[in-house]
>>> print(open('coords_30.cif').read())   # mmCIF, C-alpha atoms
data_input
#
loop_
_atom_site.label_atom_id
_atom_site.label_comp_id
_atom_site.auth_asym_id
_atom_site.auth_seq_id
_atom_site.Cartn_x
_atom_site.Cartn_y
_atom_site.Cartn_z
CA MET A 1 125.86 250.63 43.99
CA SER A 2 124.73 254.22 43.61
CA SER A 3 124.05 256.59 46.48
CA PRO A 4 120.30 256.61 47.33
CA ILE A 5 120.17 260.36 47.92
CA ALA A 6 122.09 261.12 44.72
CA ASP A 7 119.78 258.89 42.66
CA ALA A 8 116.69 260.39 44.32
CA VAL A 9 117.87 263.94 43.53
CA ARG A 10 118.59 263.06 39.89
CA VAL A 11 115.20 261.44 39.35
CA SER A 12 113.22 264.12 41.20
CA THR A 13 115.00 266.80 39.14
CA GLY A 14 113.95 265.04 35.96
CA GLY A 15 110.42 264.51 37.25
CA LEU A 16 110.03 268.16 38.22
CA LEU A 17 111.33 269.31 34.83
CA ALA A 18 108.91 266.96 33.05
CA LEU A 19 105.98 268.21 35.15
CA CYS A 20 106.70 271.86 34.40
CA MET A 21 107.06 271.18 30.68
CA LEU A 22 103.95 269.01 30.44
CA TYR A 23 101.75 270.55 33.14
CA PRO A 24 98.79 271.46 30.88
CA LEU A 25 98.60 267.77 29.93
CA ASP A 26 98.84 266.82 33.61
CA LEU A 27 95.94 269.15 34.38
CA LEU A 28 93.84 267.76 31.54
CA ARG A 29 94.49 264.11 32.40
CA THR A 30 93.40 264.76 36.00
CA LYS A 31 90.23 266.54 34.87
CA ARG A 32 89.34 263.71 32.49
CA ALA A 33 90.02 260.96 35.02
CA ALA A 34 87.96 262.80 37.66
CA GLU A 35 85.04 263.53 35.33
CA THR A 36 81.97 261.35 35.69
CA SER A 37 78.74 260.97 33.77
CA TYR A 38 77.14 263.15 36.45
CA ASP A 39 79.53 265.97 35.63
CA SER A 40 78.57 265.72 31.97
CA LYS A 41 74.87 265.82 32.80
CA LYS A 42 75.40 268.82 35.06
CA LYS A 43 77.23 270.69 32.32
CA GLU A 44 74.46 269.78 29.89
CA ARG A 45 71.82 271.22 32.25
CA GLU A 46 73.85 274.39 32.68
CA ASP A 47 74.29 274.65 28.92
CA ASP A 48 70.56 274.08 28.34
CA GLY A 49 69.78 276.86 30.82
CA ALA A 50 72.15 279.26 29.08
CA ILE A 51 70.72 278.35 25.70
CA GLY A 52 67.16 278.83 26.97
CA LYS A 53 67.95 282.33 28.21
CA LYS A 54 69.47 283.29 24.89
CA GLN A 55 66.55 281.89 22.91
CA SER A 56 63.97 283.69 25.06
CA SER A 57 65.51 287.04 24.15
CA LYS A 58 65.63 286.34 20.42
CA SER A 59 63.06 285.85 17.67
CA ILE A 60 61.85 282.42 16.57
CA SER A 61 63.83 282.59 13.35
CA SER A 62 66.99 283.49 15.22
CA SER A 63 66.54 280.56 17.60
CA HIS A 64 66.20 278.19 14.65
CA ARG A 65 69.46 279.46 13.21
CA ASN A 66 71.23 278.93 16.51
CA ALA A 67 69.83 275.46 17.25
CA PRO A 68 72.43 273.44 15.30
CA SER A 69 75.25 275.44 16.88
CA SER A 70 73.82 274.87 20.36
CA ALA A 71 73.58 271.15 19.71
CA ARG A 72 77.19 271.08 18.64
CA ILE A 73 78.24 272.92 21.78
CA ARG A 74 76.24 270.54 23.96
CA GLY A 75 77.75 267.56 22.17
CA GLN A 76 81.25 268.89 22.79
CA ILE A 77 80.49 269.32 26.48
CA THR A 78 78.85 265.96 27.11
CA ASP A 79 80.92 263.71 24.84
CA ARG A 80 84.31 264.24 26.43
CA ASN A 81 85.85 261.04 25.12
CA SER A 82 85.30 262.03 21.50
CA SER A 83 86.89 265.45 21.79
CA ASN A 84 90.62 265.82 21.30
CA ILE A 85 93.02 267.48 23.67
CA TRP A 86 93.36 270.61 21.53
CA GLN A 87 89.61 271.24 21.75
CA ASP A 88 89.79 270.86 25.52
CA PHE A 89 92.73 273.25 25.75
CA ALA A 90 90.93 275.76 23.54
CA LEU A 91 87.79 275.50 25.70
CA ILE A 92 89.74 276.05 28.92
CA VAL A 93 91.64 279.04 27.50
CA ASN A 94 88.46 280.54 26.00
CA ASN A 95 86.55 280.30 29.28
CA ASN A 96 89.23 281.13 31.84
CA GLY A 97 92.35 282.33 30.04
CA VAL A 98 95.81 280.82 29.56
CA ALA A 99 96.55 280.98 33.30
CA GLU A 100 93.90 278.29 33.85
CA LEU A 101 96.19 275.75 32.14
CA TYR A 102 98.59 276.16 35.08
CA ARG A 103 96.05 276.09 37.91
CA GLY A 104 97.52 274.19 40.85
CA LEU A 105 101.05 274.03 39.40
CA TYR A 106 102.75 274.99 42.66
CA SER A 107 101.02 272.33 44.76
CA ARG A 108 101.48 269.70 42.05
CA ALA A 109 105.19 270.52 41.79
CA LEU A 110 105.51 270.27 45.57
CA HIS A 111 103.86 266.85 45.54
CA CYS A 112 105.96 265.68 42.58
CA LEU A 113 109.23 266.74 44.20
CA PHE A 114 108.36 265.36 47.63
CA SER A 115 107.00 262.02 46.39
CA ASP A 116 109.87 261.42 43.93
CA LEU A 117 112.48 262.15 46.58
CA VAL A 118 110.86 259.81 49.10
CA TYR A 119 110.09 257.06 46.57
CA TYR A 120 113.43 256.84 44.81
CA TYR A 121 115.45 257.29 47.99
CA THR A 122 113.49 254.43 49.60
CA TYR A 123 113.71 252.30 46.46
CA ALA A 124 117.48 252.84 46.02
CA SER A 125 118.08 252.09 49.71
CA LEU A 126 116.07 248.87 49.53
CA MET A 127 117.81 247.89 46.29
CA ASN A 128 121.27 248.45 47.79
CA ARG A 129 120.36 246.33 50.81
CA LYS A 130 119.01 243.61 48.55
CA LEU A 131 122.16 243.61 46.42
CA SER A 132 124.36 243.48 49.52
CA SER A 133 122.46 240.49 50.90
CA LEU A 134 122.62 238.68 47.55
CA LYS A 135 126.36 239.31 47.24
CA SER A 136 126.97 237.99 50.74
CA ILE A 137 125.00 234.84 49.87
CA ASP A 138 126.89 234.56 46.57
CA GLY A 139 130.20 234.93 48.38
CA GLY A 140 130.99 238.33 46.84
CA GLY A 141 131.06 236.93 43.34
CA ARG A 142 129.30 238.15 40.21
CA GLY A 143 127.15 235.14 39.56
CA THR A 144 123.44 235.14 38.92
CA GLY A 145 122.85 235.06 42.66
CA SER A 146 123.86 238.72 42.94
CA ILE A 147 121.40 239.93 40.28
CA VAL A 148 117.98 241.29 41.25
CA ASN A 149 115.34 239.92 38.88
CA VAL A 150 112.25 241.76 37.63
CA SER A 151 109.93 240.19 40.20
CA GLN A 152 112.18 241.21 43.11
CA SER A 153 112.59 244.70 41.66
CA ILE A 154 108.80 245.11 41.42
CA GLN A 155 108.38 243.94 45.01
CA LEU A 156 110.91 246.52 46.21
CA GLY A 157 109.16 249.20 44.14
CA ILE A 158 105.78 248.33 45.67
CA LEU A 159 107.20 248.54 49.19
CA ALA A 160 108.82 251.91 48.41
CA GLY A 161 105.52 253.12 46.94
CA ILE A 162 103.53 252.17 50.05
CA VAL A 163 105.97 254.06 52.27
CA THR A 164 105.77 257.07 49.94
CA ASN A 165 101.96 257.10 49.80
CA VAL A 166 101.55 257.10 53.56
CA PHE A 167 103.53 260.36 53.77
CA THR A 168 102.56 262.10 50.52
CA ILE A 169 98.93 261.28 49.73
CA PRO A 170 97.57 264.26 51.74
CA VAL A 171 99.55 266.57 49.44
CA ASP A 172 98.23 264.63 46.44
CA THR A 173 94.64 265.07 47.67
CA VAL A 174 95.00 268.83 47.93
CA SER A 175 96.91 269.31 44.67
CA MET A 176 94.47 267.16 42.68
CA ASN A 177 91.43 269.03 44.00
CA LEU A 178 93.08 272.34 43.15
CA GLN A 179 93.42 271.09 39.57
CA ILE A 180 89.82 269.99 39.11
CA SER A 181 88.14 272.78 41.07
CA GLU A 182 85.46 274.57 39.05
CA SER A 183 85.30 277.48 41.46
CA GLU A 184 86.09 280.89 40.04
CA LYS A 185 87.83 281.76 43.30
CA ARG A 186 91.38 280.42 43.30
CA MET A 187 92.04 278.88 46.70
CA GLY A 188 95.54 278.39 48.02
CA ILE A 189 96.99 275.12 49.30
CA TRP A 190 96.36 275.84 52.97
CA GLU A 191 92.93 277.32 52.33
CA LEU A 192 91.75 274.22 50.46
CA ALA A 193 93.40 271.89 52.98
CA TRP A 194 91.53 273.64 55.80
CA LYS A 195 88.26 273.43 53.83
CA ILE A 196 88.68 269.66 53.32
CA TYR A 197 89.56 269.15 56.98
CA LYS A 198 86.65 271.27 58.21
CA GLU A 199 84.03 269.59 56.01
CA TYR A 200 85.27 266.00 55.85
CA GLY A 201 87.73 265.47 58.69
CA ILE A 202 91.40 264.52 58.84
CA LEU A 203 90.90 261.01 57.44
CA ARG A 204 89.69 262.45 54.12
CA PHE A 205 93.32 263.23 53.23
CA TRP A 206 94.05 259.48 53.23
CA LYS A 207 90.77 258.46 51.56
CA GLY A 208 92.50 257.10 48.45
CA LEU A 209 95.31 255.35 50.33
CA LEU A 210 94.15 251.79 49.55
CA PRO A 211 93.93 252.19 45.74
CA ALA A 212 97.07 254.35 45.86
CA CYS A 213 98.94 251.49 47.57
CA MET A 214 97.56 249.04 45.01
CA LEU A 215 98.67 251.48 42.33
CA THR A 216 102.29 251.27 43.50
CA ILE A 217 102.58 248.49 40.93
CA ASN A 218 102.71 251.27 38.30
CA PRO A 219 105.99 252.99 39.29
CA ALA A 220 107.38 249.61 40.37
CA MET A 221 106.73 248.14 36.92
CA ASN A 222 108.03 251.31 35.30
CA ILE A 223 111.43 251.31 36.98
CA ALA A 224 111.79 247.51 36.83
CA LEU A 225 111.05 247.40 33.10
CA PHE A 226 113.31 250.37 32.46
CA GLU A 227 116.26 248.87 34.33
CA ARG A 228 115.80 245.47 32.65
CA MET A 229 115.50 246.99 29.15
CA LYS A 230 118.46 249.24 29.91
CA ALA A 231 120.62 246.28 31.02
CA TRP A 232 119.68 244.30 27.91
CA TYR A 233 120.21 247.24 25.56
CA VAL A 234 123.55 248.27 27.09
CA PHE A 235 124.78 244.66 26.89
CA LYS A 236 123.81 244.42 23.21
CA LYS A 237 125.30 247.84 22.52
CA ARG A 238 128.62 246.87 24.14
CA ASP A 239 128.64 243.54 22.32
CA ILE A 240 128.04 245.15 18.92
CA LYS A 241 130.73 247.80 19.44
CA HIS A 242 133.12 245.31 21.08
CA GLN A 243 133.69 247.61 24.05
CA SER A 244 135.48 246.30 27.13
CA SER A 245 134.00 248.95 29.44
CA ALA A 246 130.29 249.30 30.24
CA ALA A 247 128.36 251.26 27.62
CA GLN A 248 126.05 254.10 28.64
CA LEU A 249 122.63 255.14 27.44
CA SER A 250 122.39 258.34 25.45
CA ALA A 251 119.75 260.89 26.46
CA PHE A 252 117.54 259.93 23.51
CA GLU A 253 117.85 256.21 24.25
CA ALA A 254 116.90 256.79 27.88
CA PHE A 255 113.88 258.83 26.74
CA ILE A 256 112.66 256.02 24.45
CA LEU A 257 113.12 253.28 27.07
CA GLY A 258 111.46 255.41 29.76
CA THR A 259 108.50 256.12 27.48
CA VAL A 260 107.99 252.44 26.60
CA SER A 261 108.26 251.22 30.21
CA LYS A 262 105.80 253.80 31.55
CA GLY A 263 103.39 253.23 28.69
CA ALA A 264 103.24 249.50 29.44
CA ALA A 265 102.77 250.11 33.17
CA THR A 266 100.00 252.67 32.55
CA VAL A 267 97.95 250.43 30.26
CA VAL A 268 97.99 247.66 32.89
CA THR A 269 97.12 249.88 35.87
CA TYR A 270 94.91 252.65 34.46
CA PRO A 271 91.59 251.41 35.95
CA MET A 272 93.17 251.74 39.40
CA ILE A 273 94.51 255.20 38.48
CA ARG A 274 90.99 256.38 37.69
CA LEU A 275 89.58 254.79 40.85
CA LYS A 276 92.17 256.59 42.95
CA THR A 277 91.39 259.92 41.25
CA LEU A 278 87.66 259.56 41.86
CA LEU A 279 88.22 258.67 45.52
CA LEU A 280 90.51 261.64 46.11
CA LYS A 281 88.03 263.97 44.43
CA VAL A 282 86.14 266.19 46.85
CA SER A 283 83.02 266.17 44.70
CA GLU A 284 79.60 267.72 45.13
CA GLU A 285 77.85 265.15 42.98
CA TYR A 286 77.05 262.68 45.74
CA GLU A 287 75.94 265.50 48.01
CA GLU A 288 73.56 266.84 45.38
CA GLU A 289 72.17 263.38 44.68
CA ASP A 290 71.29 263.16 48.38
CA SER A 291 70.20 266.80 48.66
CA LEU A 292 66.75 265.75 49.90
CA SER A 293 68.33 264.40 53.05
CA THR A 294 68.20 266.75 56.05
CA ASN A 295 71.14 265.06 57.73
CA ARG A 296 74.25 267.09 56.89
CA GLU A 297 76.63 264.32 57.97
CA THR A 298 74.86 261.82 55.70
CA ARG A 299 75.20 264.11 52.70
CA LYS A 300 78.87 264.76 53.39
CA LYS A 301 79.81 261.11 53.89
CA PRO A 302 82.43 260.14 51.23
CA VAL A 303 81.77 257.03 49.17
CA SER A 304 83.95 253.93 49.42
CA ALA A 305 86.00 252.27 46.69
CA VAL A 306 83.26 249.67 46.22
CA ASP A 307 80.65 252.45 45.78
CA VAL A 308 82.79 254.17 43.14
CA ILE A 309 83.31 250.91 41.22
CA ARG A 310 79.57 250.24 41.33
CA LEU A 311 78.71 253.76 40.10
CA VAL A 312 81.22 253.60 37.25
CA LEU A 313 79.92 250.23 36.10
CA LYS A 314 76.31 251.39 36.37
CA ASN A 315 76.71 254.71 34.57
CA GLU A 316 79.60 254.10 32.16
CA GLY A 317 80.18 250.36 31.92
CA VAL A 318 83.57 248.65 31.87
CA ALA A 319 84.83 251.24 29.36
CA GLY A 320 84.39 253.86 32.08
CA PHE A 321 87.47 252.55 33.87
CA TYR A 322 89.53 253.61 30.85
CA ARG A 323 88.05 257.09 30.54
CA GLY A 324 90.84 259.58 29.90
CA MET A 325 93.53 256.91 29.37
CA TYR A 326 94.74 258.52 26.12
CA VAL A 327 95.73 261.73 27.89
CA GLN A 328 97.18 259.75 30.80
CA LEU A 329 99.37 257.76 28.40
CA LEU A 330 100.52 260.89 26.60
CA ARG A 331 101.41 262.69 29.83
CA SER A 332 102.85 259.81 31.84
CA ALA A 333 104.87 258.14 29.09
CA SER A 334 106.47 261.35 27.85
CA GLY A 335 107.03 262.55 31.41
CA SER A 336 108.74 259.28 32.35
CA GLY A 337 110.92 259.52 29.25
CA LEU A 338 112.04 263.03 30.20
CA MET A 339 112.65 261.98 33.81
CA PHE A 340 114.90 259.04 32.90
CA MET A 341 116.63 261.15 30.24
CA VAL A 342 117.66 263.71 32.86
CA ARG A 343 118.60 260.95 35.29
CA GLU A 344 120.96 259.26 32.81
CA ALA A 345 122.39 262.59 31.66
CA LEU A 346 123.29 263.53 35.27
CA ARG A 347 125.03 260.24 36.04
#
>>> encode(input="coords_30.cif", output="structure tokens")
Amino acid sequence: MSSPIADAVRVSTGGLLALCMLYPLDLLRTKRAAETSYDSKKKEREDDGAIGKKQSSKSISSSHRNAPSSARIRGQITDRNSSNIWQDFALIVNNNGVAELYRGLYSRALHCLFSDLVYYYTYASLMNRKLSSLKSIDGGGRGTGSIVNVSQSIQLGILAGIVTNVFTIPVDTVSMNLQISESEKRMGIWELAWKIYKEYGILRFWKGLLPACMLTINPAMNIALFERMKAWYVFKKRDIKHQSSAAQLSAFEAFILGTVSKGAATVVTYPMIRLKTLLLKVSEEYEEEDSLSTNRETRKKPVSAVDVIRLVLKNEGVAGFYRGMYVQLLRSASGSGLMFMVREALR
């Protein structure tokens, strides 16, 4: 059995390295998951206003020449699912500069490091206790009774995820809102945290706790599938090479297995990922929709998970729950591969 703290440090090191290398993708996947049809309509109105101002200062012939270009711009803004990631990166850089691709990196890195340490330390501790109890039941032997199956591994991962979310979701709330903020003023972690607390109250930091706890199936499936595929692959590898000692995964093999396991977990759980992102989002859209109300508390009241599900179904249909999944797959699968690659290399 490995040391829980040593395993947690190895995995968190790999996770932090993966985040820093793939952060622009992390930023883009959060923006896409948090974007709603309302956001698209708002951008379209802003674009129409900008176009109208330009056309009013030009001749009729000039406005006709610019009309197709304006339509293309509007189409790029409103049809986010059809645009590729390179167009989105180019748009971000063109509007705000290269530094915008790393907005919120510090807070996201803090959350990544903290959550990985807590999760994998808790998971390794629970796994060691489970193995010890199974071995005592099995009489210290190496029979099937001392092997943790996939179902038990997923259960332990879910429990570790719930513990982690209770402590780390406030950091996740702040870091995610730093990523998706459209404000030209760059707020710091404490400044945004104070703003959320002042306007929404302390409970807002745990607003997405329920879907986040349901989403613990994602990392649980990821690590369970990885460990099971690793055990099978190492056994086959040792059998083919006729080795008496246990074979080890190479860095590349760990990357491939980590990518496959995370990809499978993401496809299964993505609707819940998007629901969590929308719940954590401190958005103005619901406030503006109720702007006719004179009751400030009514306008500021956050929507529930049921409200978000209803709005997504109404405005985007079932496909709306998979909005941004391509970027999520690209970021999460590659990030998981890098994380497990570093973990195996440091063993």
>>> closest_residue(input="coords_30.cif", among="A:Thr122, A:Gly208, A:Leu178, A:Ala231", to="Val148 in chain A", atoms="only C-alpha atoms")
A:Ala231
>>> resolve_selection(input="coords_30.cif", expression="the PyMOL selection byres ((chain A and resi 219) around 8)", output="PyMOL selection string")
chain A and resi 157-158+161+216-218+220-223+262+265
>>> resolve_selection(input="coords_30.cif", expression="the PyMOL selection byres ((chain A and resi 212-214) around 10)", output="list in words")
Ile158, Leu159, Ala160, Gly161, Ile162, Val163, Thr164, Asn165, Val166, Ile169, Trp206, Lys207, Gly208, Leu209, Leu210, Pro211, Leu215, Thr216, Ile217, Asn218, Thr269, Met272, Ile273, Leu275, Lys276, Thr277, Leu279 and Leu280 of chain A
>>> atom_distance(input="coords_30.cif", atom1="CA of Gln179 in chain A", atom2="CA of Ser332 in chain A")
16.6 Å
>>> resolve_selection(input="coords_30.cif", expression="the PyMOL selection byres ((chain A and resi 230) around 12)", output="ChimeraX atom specification")
/A:222-229,231-238,246-250,253-258,260-261,340,344
>>> atom_distance(input="coords_30.cif", atom1="CA of Ala8 in chain A", atom2="CA of Ala124 in chain A")
7.8 Å
>>> atom_distance(input="coords_30.cif", atom1="CA of Ser336 in chain A", atom2="CA of Tyr106 in chain A")
19.7 Å
>>> closest_residue(input="coords_30.cif", among="A:Thr259, A:Trp190, A:Arg347, A:Gln328", to="Ala6 in chain A", atoms="all atoms listed in the file")
A:Arg347
>>> residues_around(input="coords_30.cif", residues="Ala345 in chain A", least_positions_apart="3", cutoff="7 Å", atoms="all atoms listed in the file", output="list in words")
Ala251, Met341 and Val342 of chain A
>>> write_last_selection(input="coords_30.cif", atoms="C-alpha atoms", output="PDB file, in the coordinates of the input")
ATOM      1  CA  ALA A 251     119.750 260.890  26.460  1.00  0.00           C
ATOM      2  CA  MET A 341     116.630 261.150  30.240  1.00  0.00           C
ATOM      3  CA  VAL A 342     117.660 263.710  32.860  1.00  0.00           C
TER       4      VAL A 342
END
>>> closest_residue(input="coords_30.cif", among="A:Met176, A:Met325, A:Leu117, A:Ala319", to="Gly14 in chain A", atoms="all atoms listed in the file")
A:Leu117
>>> closest_residue(input="coords_30.cif", among="A:Asn95, A:Ile85, A:Tyr120, A:Leu28", to="Pro4 in chain A", atoms="all atoms listed in the file")
A:Tyr120
>>> closest_residue(input="coords_30.cif", among="A:Pro271, A:Ser133, A:Met187, A:Ile180", to="Lys31 in chain A", atoms="all atoms listed in the file")
A:Ile180
>>> decode(input="coords_30.cif", residues="range 235-282 of chain A", atoms="C-alpha atoms", output="short mmCIF file (atom, residue, chain, number, x, y, z; two decimals), in the first residue's frame")
data_model
loop_
_atom_site.label_atom_id
_atom_site.label_comp_id
_atom_site.auth_asym_id
_atom_site.auth_seq_id
_atom_site.Cartn_x
_atom_site.Cartn_y
_atom_site.Cartn_z
CA PHE A 235 -0.57 -8.24 -16.16
CA LYS A 236 -0.66 -8.77 -19.93
CA LYS A 237 2.65 -6.97 -20.34
CA ARG A 238 4.33 -9.16 -17.70
CA ASP A 239 2.80 -12.30 -19.20
CA ILE A 240 4.02 -11.46 -22.71
CA LYS A 241 7.56 -10.64 -21.55
CA HIS A 242 7.61 -13.57 -19.08
CA GLN A 243 8.74 -11.32 -16.24
CA SER A 244 8.70 -12.61 -12.67
CA SER A 245 8.58 -9.14 -11.12
CA ALA A 246 5.71 -6.67 -11.55
CA ALA A 247 5.92 -4.66 -14.76
CA GLN A 248 5.55 -0.87 -14.70
CA LEU A 249 3.75 1.53 -16.98
CA SER A 250 5.86 3.78 -19.14
CA ALA A 251 5.06 7.51 -19.18
CA PHE A 252 3.42 7.23 -22.60
CA GLU A 253 1.33 4.22 -21.57
CA ALA A 254 0.13 6.06 -18.46
CA PHE A 255 -0.79 9.06 -20.63
CA ILE A 256 -2.88 6.92 -22.99
CA LEU A 257 -4.70 5.06 -20.20
CA GLY A 258 -5.35 8.30 -18.30
CA THR A 259 -6.74 9.94 -21.44
CA VAL A 260 -9.10 7.04 -22.20
CA SER A 261 -10.39 6.74 -18.61
CA LYS A 262 -11.10 10.46 -18.28
CA GLY A 263 -12.69 10.64 -21.72
CA ALA A 264 -15.15 7.87 -20.81
CA ALA A 265 -15.98 9.49 -17.46
CA THR A 266 -16.51 12.91 -19.09
CA VAL A 267 -18.92 11.66 -21.76
CA VAL A 268 -21.09 10.02 -19.08
CA THR A 269 -21.13 12.97 -16.66
CA TYR A 270 -20.93 16.08 -18.88
CA PRO A 271 -24.57 17.21 -18.42
CA MET A 272 -23.90 17.43 -14.68
CA ILE A 273 -20.63 19.30 -15.35
CA ARG A 274 -22.53 21.97 -17.28
CA LEU A 275 -25.25 22.18 -14.63
CA LYS A 276 -22.63 22.73 -11.94
CA THR A 277 -20.93 25.45 -14.01
CA LEU A 278 -24.20 27.31 -14.58
CA LEU A 279 -25.07 27.13 -10.88
CA LEU A 280 -21.68 28.45 -9.79
CA LYS A 281 -21.89 31.27 -12.31
CA VAL A 282 -22.61 34.65 -10.76
#
